[in-house]
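Q: Below you will find the structure I want to go over with you.
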Amino acid sequence: MKVVLLARVAPDAIPAPVGLAHTMHDPSSATTLRRRGQELLLTDGPSTESDEQVVGLEEIDVDRFDAALHRAAGLPAARAGAVEVRRVHEGPDDGVPPATPSAGTRRYVFLHVLPIGPAAEPAAPGGGSLPDWLASPLTQRTVLAGNRLLDATDATAAVVRVRNGEVRVSRGLPADREEEIAGYDLVAAGDLDEAIAVARPHPTLTTGVVEIRPLVMA
């Protein structure tokens, strides 16, 4: 099975060691896109104010979910904050055909954030379909990887923390969480404006938001 590990740390602990393939810049560097009616709104900063913000991610293959929990417990982020472990939706039409990045491009992560439970607002008009977005020449030129995540339940999600050497695993997501990450994309774009252009027609924006985060380049 495929699983995504999401490192989360408190803002006052940034920068903290992550230990994952993709490390993001400080959440203050985020740009969040949302629709209000026909209007696309851009705001600086992460999509939500949270005690722990996402600072890194990696998709891995494991034989069973418990193996992903073991991997998460060994990460520095589990000691500095938490590692959210999420199963990936796997199907014949899922995932993004990988593009070949052009020289001189910057790397970004799109975090697709949806409300948990009934949407707080009605769906915004004008959103396209996921197949249309995947078929777009701009998407095919810029998106390196990506996947949807299964809805977070006790069977598909967990949060792993390590405190004083003790591994603490809570199934599902915290009860007070109002949004969940429903998917991600890795994007190679010339600049933030091009990254915004890639995200603009994504169907996530009909009911949720897309948080664009620049990656730390190795």
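Residue numbering restarts at 1 for every chain of the structure tokens, chains are lettered A, B, ... in their displayed order, and ligands are numbered from 1 as they appear.
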Residues near Tyr108 of chain A, anyone? I mean within 6 Å using only C-alpha atoms, not counting same-chain ones fewer than 6 positions away, as a list in words.
A: Leu186, Val187, Arg213, Pro214 and Leu215 of chain A
Q: Which polymer residues have any atom within 10 Å of an atom of Val55 of chain A, counting only C-alpha atoms, with same-chain residues fewer than 6 positions away left out, as a list in words?
A: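 Those residues are Leu6, Ala7, Arg8, Val9, Ala10, Pro11, Ile14, Pro15, Ala16, Pro17, Val18, Leu20, His22, Thr23, Met24, His25, Asp26, Pro27, Ala77, Arg213 and Leu215 of chain A.
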Q: How would the residues just picked look written out with N, CA and C atoms as an mmCIF file, in the first residue's frame?
A:
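Listing of selection28.cif after writing:
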data_model
loop_
_atom_site.group_PDB
_atom_site.id
_atom_site.type_symbol
_atom_site.label_atom_id
_atom_site.label_comp_id
_atom_site.auth_asym_id
_atom_site.auth_seq_id
_atom_site.Cartn_x
_atom_site.Cartn_y
_atom_site.Cartn_z
ATOM 1 N N LEU A 6 3.291 13.034 6.723
ATOM 2 C CA LEU A 6 3.249 14.490 6.800
ATOM 3 C C LEU A 6 3.857 14.928 8.129
ATOM 4 N N ALA A 7 4.974 15.627 8.073
ATOM 5 C CA ALA A 7 5.611 16.115 9.291
ATOM 6 C C ALA A 7 4.944 17.410 9.720
ATOM 7 N N ARG A 8 4.583 17.486 11.002
ATOM 8 C CA ARG A 8 3.950 18.686 11.559
ATOM 9 C C ARG A 8 4.729 19.130 12.803
ATOM 10 N N VAL A 9 5.057 20.406 12.867
ATOM 11 C CA VAL A 9 5.717 20.935 14.060
ATOM 12 C C VAL A 9 5.094 22.279 14.411
ATOM 13 N N ALA A 10 5.270 22.674 15.664
ATOM 14 C CA ALA A 10 4.759 23.962 16.118
ATOM 15 C C ALA A 10 5.558 25.091 15.475
ATOM 16 N N PRO A 11 4.905 26.227 15.194
ATOM 17 C CA PRO A 11 5.622 27.342 14.560
ATOM 18 C C PRO A 11 6.865 27.767 15.304
ATOM 19 N N ILE A 14 10.118 25.761 14.347
ATOM 20 C CA ILE A 14 10.625 25.827 12.977
ATOM 21 C C ILE A 14 11.852 26.753 12.960
ATOM 22 N N PRO A 15 12.967 26.370 12.294
ATOM 23 C CA PRO A 15 13.131 25.122 11.561
ATOM 24 C C PRO A 15 13.464 23.945 12.471
ATOM 25 N N ALA A 16 12.814 22.849 12.221
ATOM 26 C CA ALA A 16 13.089 21.613 12.954
ATOM 27 C C ALA A 16 13.480 20.543 11.942
ATOM 28 N N PRO A 17 14.318 19.584 12.331
ATOM 29 C CA PRO A 17 14.656 18.508 11.403
ATOM 30 C C PRO A 17 13.417 17.718 11.021
ATOM 31 N N VAL A 18 13.309 17.362 9.748
ATOM 32 C CA VAL A 18 12.106 16.704 9.240
ATOM 33 C C VAL A 18 12.364 15.230 8.960
ATOM 34 N N LEU A 20 12.269 13.793 5.937
ATOM 35 C CA LEU A 20 11.458 13.303 4.824
ATOM 36 C C LEU A 20 12.011 13.818 3.502
ATOM 37 N N HIS A 22 10.746 15.583 1.105
ATOM 38 C CA HIS A 22 10.392 16.934 0.673
ATOM 39 C C HIS A 22 10.195 17.826 1.896
ATOM 40 N N THR A 23 11.111 18.768 2.081
ATOM 41 C CA THR A 23 11.040 19.714 3.189
ATOM 42 C C THR A 23 10.557 21.062 2.668
ATOM 43 N N MET A 24 9.599 21.645 3.353
ATOM 44 C CA MET A 24 9.013 22.912 2.930
ATOM 45 C C MET A 24 9.651 24.074 3.680
ATOM 46 N N HIS A 25 9.600 25.224 3.035
ATOM 47 C CA HIS A 25 9.998 26.445 3.722
ATOM 48 C C HIS A 25 8.977 26.765 4.819
ATOM 49 N N ASP A 26 9.351 27.710 5.667
ATOM 50 C CA ASP A 26 8.499 28.151 6.770
ATOM 51 C C ASP A 26 7.061 28.389 6.281
ATOM 52 N N PRO A 27 6.048 27.982 7.060
ATOM 53 C CA PRO A 27 4.653 28.183 6.639
ATOM 54 C C PRO A 27 4.299 29.621 6.305
ATOM 55 N N ALA A 77 10.898 14.498 13.112
ATOM 56 C CA ALA A 77 9.672 15.283 13.278
ATOM 57 C C ALA A 77 8.760 14.694 14.344
ATOM 58 N N ARG A 213 3.182 25.731 -1.207
ATOM 59 C CA ARG A 213 4.341 25.859 -0.319
ATOM 60 C C ARG A 213 5.625 25.644 -1.111
ATOM 61 N N LEU A 215 9.377 24.500 -1.743
ATOM 62 C CA LEU A 215 10.213 23.448 -1.165
ATOM 63 C C LEU A 215 11.638 23.943 -0.961
#
Q: Please identify all polymer residues within 6 Å of Glu211 of chain A, counting only C-alpha atoms, omitting same-chain residues fewer than 2 positions from it, and present them as a ChimeraX atom specification.
A: /A:31-32,110-111
Q: Enumerate, as a ChimeraX atom specification, the complete set of residues in segment 3-215 of chain A that a backbone-based DSSP assignment places in alpha helix (DSSP H).
A: /A:65-73,76-80,130-135,137-142,192-199
Q: Find the residues near Asp66 of chain A: any atom within 12 Å, counting only C-alpha atoms, skip ones fewer than 4 places away on the same chain, and give them as a list in words.
A: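 That gives Met1, Val3, Asp61, Val62, His70, Arg71, Ala72, Ala73, Val85, Arg86, Arg87, Ala155, Thr156, Ala157, Ala158, Val159, Val160, Val169 and Arg171 of chain A.
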Q: Measuring between only C-alpha atoms, which one of A:Asp191, A:Glu90, A:Glu84, A:Asp151 shows the shortest distance to Leu57 of chain A?
A: A:Glu84
Q: When you look at Glu58 of chain A with a cut-off of 6 Å (counting only C-alpha atoms), what residues show up, excluding the ones that are within fewer than 3 positions of it in the same chain? I need them as a ChimeraX atom specification.
A: /A:4-5,20-21
Q: Just write the chosen residues, N, CA and C atoms, as a tab-separated table (two decimals), in the first residue's frame.
A:
chain	number	residue	atom	x	y	z
A	4	VAL	N	1.32	8.34	2.75
A	4	VAL	CA	2.00	9.63	2.81
A	4	VAL	C	2.28	9.98	4.27
A	5	LEU	N	3.53	10.38	4.54
A	5	LEU	CA	3.93	10.86	5.86
A	5	LEU	C	4.00	12.38	5.80
A	20	LEU	N	12.27	13.79	5.94
A	20	LEU	CA	11.46	13.30	4.82
A	20	LEU	C	12.01	13.82	3.50
A	21	ALA	N	11.54	13.24	2.40
A	21	ALA	CA	12.10	13.55	1.08
A	21	ALA	C	11.87	15.00	0.68
Q: Between A:Glu180, A:Ala195, A:Pro201, A:Glu166, which one has atoms that come closest to Ala135 of chain A, using only C-alpha atoms?
A: A:Pro201
Q: Given the choices A:Arg35, A:Gly172, A:Gln53, A:Gly104, which gets closest to Val209 of chain A if the distance is worked out from only C-alpha atoms?
A: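 Smallest distance to Val209 of chain A is found for A:Arg35.
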Q: Using the chain letters and numbers from this document, which residues of segment 10-209 of chain A does DSSP assign to strand (DSSP E), as a PyMOL selection string?
A: chain A and resi 22-23+31-36+39-44+53-61+82-87+106-115+143-148+157-163+166-171+179-189+209
Q: For the interface of segment 97-204 of chain A with segment 41-44 of chain A (cut-off 12 Å, counting only C-alpha atoms), please tabulate each contacting residue of segment 97-204 of chain A alongside its nearest pair of atoms and their separation in Å to one decimal, rows sorted by chain and increasing number, as JSON lines.
A:
{"residue": "A:Leu192", "atom": "CA", "partner": "A:Leu42", "partner_atom": "CA", "distance": 11.7}
{"residue": "A:Asp193", "atom": "CA", "partner": "A:Leu42", "partner_atom": "CA", "distance": 11.2}
{"residue": "A:Ile196", "atom": "CA", "partner": "A:Leu42", "partner_atom": "CA", "distance": 9.1}
{"residue": "A:Ala197", "atom": "CA", "partner": "A:Leu42", "partner_atom": "CA", "distance": 11.8}
{"residue": "A:Ala199", "atom": "CA", "partner": "A:Leu42", "partner_atom": "CA", "distance": 11.4}
{"residue": "A:Arg200", "atom": "CA", "partner": "A:Leu41", "partner_atom": "CA", "distance": 10.1}
Q: Neighbours of Arg177 of chain A within 12 Å (only C-alpha atoms; same-chain residues fewer than 3 positions away dropped), as a list in words?
A: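 The contact residues come out as Thr48, Glu49, Ser50, Asp51, Glu52, Val113, Leu114, Pro115, Ile116, Gly117, Ala152, Gly172, Leu173, Pro174, Glu180 and Ile181 of chain A.
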Q: Could the residues in this selection be saved with C-alpha atoms as a PDB file, in the first residue's frame?
A:
ATOM      1  CA  THR A  48      -5.386  27.459   8.733  1.00  0.00           C
ATOM      2  CA  GLU A  49      -4.003  28.658  12.028  1.00  0.00           C
ATOM      3  CA  SER A  50      -2.822  25.487  13.732  1.00  0.00           C
ATOM      4  CA  ASP A  51      -0.689  24.517  16.695  1.00  0.00           C
ATOM      5  CA  GLU A  52       1.309  22.299  14.315  1.00  0.00           C
ATOM      6  CA  VAL A 113      -7.262  21.087   2.120  1.00  0.00           C
ATOM      7  CA  LEU A 114     -10.947  20.197   2.550  1.00  0.00           C
ATOM      8  CA  PRO A 115     -13.336  20.687   5.466  1.00  0.00           C
ATOM      9  CA  ILE A 116     -14.051  17.617   7.590  1.00  0.00           C
ATOM     10  CA  GLY A 117     -17.735  16.738   7.427  1.00  0.00           C
ATOM     11  CA  ALA A 152      -9.122  10.087   7.435  1.00  0.00           C
ATOM     12  CA  GLY A 172      -7.588   8.981  12.994  1.00  0.00           C
ATOM     13  CA  LEU A 173      -7.123  12.736  13.268  1.00  0.00           C
ATOM     14  CA  PRO A 174      -7.492  14.946  16.347  1.00  0.00           C
ATOM     15  CA  GLU A 180      -7.878  17.592   6.510  1.00  0.00           C
ATOM     16  CA  ILE A 181      -5.324  17.314   3.750  1.00  0.00           C
TER      17      ILE A 181
END
Q: Of the candidates A:Met217, A:Pro203, A:Glu178, A:Thr105, which one gets nearest to Arg34 of chain A if we count only C-alpha atoms?
A: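 Result for the nearest residue to Arg34 of chain A: A:Pro203.
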Q: With distances taken over only C-alpha atoms, which of A:Ala145, A:Gly19, A:Gln140, A:Glu179 is nearest to Ala78 of chain A?
A: A:Gly19
Q: Between atom CA of Ala103 of chain A and atom CA of Leu138 of chain A, what is the spacing in Å?
A: 16.0 Å
